[in-house]
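**Q** For reference, the structure I am asking about is given below.
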Amino acid sequence: MTGLRFISVLLWVCLGLAGCGLLGVNSGFKPDPEVEAEILGESAIVVPQLDLLALDDSVLAYLDEHIPADMANWELVHRLQELLFSPDYLNIQYDDTANFTARETFAERRANCLSLVNLYIAMARSRGLSVDYQTVQVRPIWNQRGELVVVSEHINALGRVGVAGRYVLDFTPEVRLQRQTDTVISDEQALALYYNNLAVDYLVQEQLEQALQHMRYALAADPELAMAWNNLGSVWTRLQRDDLAEYSYLKAAWLDRSSASAYNNLARFYSQQGEPEKAERYRRAVESYNRRNPYYHYMLGNLAYEEGEYDSAREHFEQAIARYDLEPDFHLALGMTHQQLGDEERYLELAQLSVALRELGDQTYRAGQQQVRRIDTRSVLRSTGRGFSVRFDE
């Protein structure tokens, strides 16, 4: 998996579904200003003055050279995409380690999802376009024992042209996105995600003091960023401050009651602390999340299919569709299972339905470096292969 790195459970991919939220464990948690002052180091922390969207003279000169002064609206949107991705211009390449500001992305010619969006938004706004950051949830991932591993988000840019015109520019790595989960966020929230990315890099490298410092920067930019509190708990765990780790995990779950990763971390934490009753409460909450999550049943169906257990696979795929019927992969998988069970007619029906849903979704997210597409706002979000894309909503 690749993309913007919002971490959970110490693992990373590029951070729902209507029926999968509100895990519902009443921990009795209440924010404690004194504990948070210790966790966040508020008396001593000095957050760097960083502007993700600042452009230097070299970038502005490049734009002046390649964009006519009177170019505007959709023509300008097309031109900016060409400048970013064409081999004749910047030819930005995907690199999931490239946590850069707009200026750094321009200089390096490589980017992860957030870095690309930083550069695009900075360039677009400098030429008068209205554009914002937007997050989209990635499908959760489980291991083969059925344990939740990662819930994460992808980021792109949402632009507006005129009163009704909308478009999305996306650096589309090989991530699998959840439909209808896009949310516009502020520049400050994007800055928090940037610092969270850097903190995760330090955490993975076991540079714990640097990880702690950058998590604090992230929470200074967005004090309610649940994933940063969750990750901060992982830092405190490694620093052997179990009291602060517990508080951080609880704060993450309190801020986002649908955060299965925070609940999973709490289950692990209490198990390691020798508190099996508390651990079991959170483990049951995660299991409940799994049972209600269509992608969990899809994963179980795939495992059963690979083992040749087609009746079991059919049941799981049917449960996935019952929970979310707009995902073409679910219908195709069920159709292939019926084919294995000898029902060719049912396979063809489901395969055709899958194609219809995929065509609808692909109007929204279809890979292609040079592709620009305007779509119906009723189109639904879906994933795509590696590439670059712009989608247009009218």
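We name chains A, B, ... following the order of the structure tokens; residues begin at 1 in each chain, and ligands are numbered from 1 as shown.
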Using only C-alpha atoms, determine which residues lie at most 10 Å from Asn99 of chain A, disregarding the query and same-chain residues fewer than 4 positions distant; provide the list as a ChimeraX atom specification.

**A** /A:4-5,95,104-105,110-116,194-195,197-198,201

**Q** Segment 142-324 of chain A: which residues are alpha helix (DSSP H) by DSSP, as an MDAnalysis selection string?

**A** chainID A and resid 187:204 208:221 226:238 242:255 260:272 276:292 294:306 310:323

**Q** Produce a table with one row for each residue of segment 263-319 of chain A that has an atom at most 12 Å from any atom of segment 128-139 of chain A, each row naming the nearest atom pair and its distance in Å at one decimal; use only C-alpha atoms; arrange rows by chain and rising residue number; format as CSV.

**A**
residue,atom,partner,partner_atom,distance
A:Asn293,CA,A:Arg139,CA,10.1
A:Pro294,CA,A:Arg139,CA,10.0
A:Tyr295,CA,A:Arg139,CA,7.2
A:Tyr296,CA,A:Arg139,CA,9.6
A:Tyr298,CA,A:Arg139,CA,11.0
A:Met299,CA,A:Arg139,CA,10.9

**Q** Just want the 6 Å neighbourhood of Val117 of chain A, counted on only C-alpha atoms, with same-chain residues fewer than 3 positions away dropped. Output as an mmCIF file with C-alpha atoms, in the first residue's frame.

**A**
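Wrote out-v9.cif, looks like this:
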data_model
loop_
_atom_site.group_PDB
_atom_site.id
_atom_site.type_symbol
_atom_site.label_atom_id
_atom_site.label_comp_id
_atom_site.auth_asym_id
_atom_site.auth_seq_id
_atom_site.Cartn_x
_atom_site.Cartn_y
_atom_site.Cartn_z
ATOM 1 C CA LEU A 114 0.051 15.445 0.606
ATOM 2 C CA TYR A 120 -1.060 22.090 -6.543
ATOM 3 C CA ILE A 121 -3.058 24.180 -4.087
ATOM 4 C CA ASN A 156 -6.457 15.184 -2.660
ATOM 5 C CA ALA A 157 -7.450 18.699 -3.768
#

**Q** If we count only C-alpha atoms, what is near Ile321 of chain A at a cut-off of 12 Å, once residues fewer than 2 positions away on the same chain are taken out, given as a PyMOL selection string?

**A** chain A and resi 292-298+301+314-319+323-335+350+354

**Q** Could you work out how far atom CA of Pro33 of chain A lies from atom CA of His214 of chain A, giving the answer in Å with one decimal?

**A**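 Interatomic distance, atom CA of His214 of chain A to atom CA of Pro33 of chain A: 20.1 Å.
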
**Q** Could you write out, as a compact mmCIF listing (two decimals) with C-alpha atoms, in the first residue's frame, all the residues of segment 68-214 of chain A that DSSP marks as strand (DSSP E or B)?

**A**
# COMPACT_ATOMS: atom_id res chain seq x y z
CA GLN A 93 6.92 11.36 -9.64
CA TYR A 94 5.26 9.48 -6.80
CA ARG A 110 8.68 14.04 -6.45
CA ALA A 111 5.88 13.85 -3.91
CA SER A 130 -10.49 28.33 -5.41
CA VAL A 131 -9.18 25.02 -4.08
CA ASP A 132 -9.01 23.19 -0.73
CA TYR A 133 -7.59 20.07 0.86
CA GLN A 134 -9.87 17.05 0.95
CA THR A 135 -9.44 13.71 2.74
CA VAL A 136 -10.89 10.37 1.66
CA GLN A 137 -10.90 7.22 3.75
CA VAL A 138 -8.92 4.20 2.60
CA ILE A 141 -6.96 -3.66 6.29
CA TRP A 142 -6.95 -6.86 8.33
CA LEU A 148 -7.66 -5.01 12.31
CA VAL A 149 -4.31 -3.58 11.23
CA VAL A 150 -4.83 -0.21 9.56
CA GLU A 153 -6.93 8.33 4.86
CA HIS A 154 -5.88 9.59 1.47
CA ILE A 155 -5.73 13.27 0.53
CA ASN A 156 -6.46 15.18 -2.66
CA ALA A 157 -7.45 18.70 -3.77
CA LEU A 158 -11.03 19.88 -4.27
CA GLY A 159 -11.40 22.89 -6.57
CA ARG A 160 -14.30 25.06 -7.64
CA VAL A 161 -14.84 26.97 -10.86
CA GLY A 165 -18.33 23.60 -11.25
CA ARG A 166 -16.14 21.35 -9.11
CA TYR A 167 -13.09 19.21 -9.76
CA VAL A 168 -10.72 16.96 -7.85
CA LEU A 169 -7.04 16.67 -8.60
CA ASP A 170 -5.56 13.46 -7.27
CA PHE A 171 -2.18 11.82 -7.07
CA THR A 172 -3.65 8.31 -7.28
CA LEU A 177 -10.70 4.04 -1.28
CA THR A 183 -14.27 15.62 3.61
CA VAL A 184 -12.88 19.13 3.06
CA ILE A 185 -10.32 20.14 5.69

**Q** Using only C-alpha atoms, what table do you get, as JSON lines, when you list each residue of segment 215-329 of chain A with an atom no more than 7 Å from segment 24-30 of chain A, its nearest pair of atoms, and their distance in Å rounded to one decimal, rows by chain then rising number?

**A**
{"residue": "A:Leu250", "atom": "CA", "partner": "A:Phe29", "partner_atom": "CA", "distance": 6.7}
{"residue": "A:Arg257", "atom": "CA", "partner": "A:Gly24", "partner_atom": "CA", "distance": 6.8}
{"residue": "A:Ala285", "atom": "CA", "partner": "A:Val25", "partner_atom": "CA", "distance": 6.9}

**Q** Output C-alpha atoms for every residue in the selection just made, as a PDB file, in the first residue's frame.

**A**
ATOM      1  CA  LEU A 250      -8.351   7.268  25.426  1.00  0.00           C
ATOM      2  CA  ARG A 257     -15.802   7.121  18.576  1.00  0.00           C
ATOM      3  CA  ALA A 285     -15.851  -3.348  20.433  1.00  0.00           C
TER       4      ALA A 285
END

**Q** Residues within 6 Å of segment 219-228 of chain A, please, as a ChimeraX atom specification. Count only C-alpha atoms; anything in the same chain fewer than 6 positions from it doesn't count.

**A** /A:188-189,192,252,255
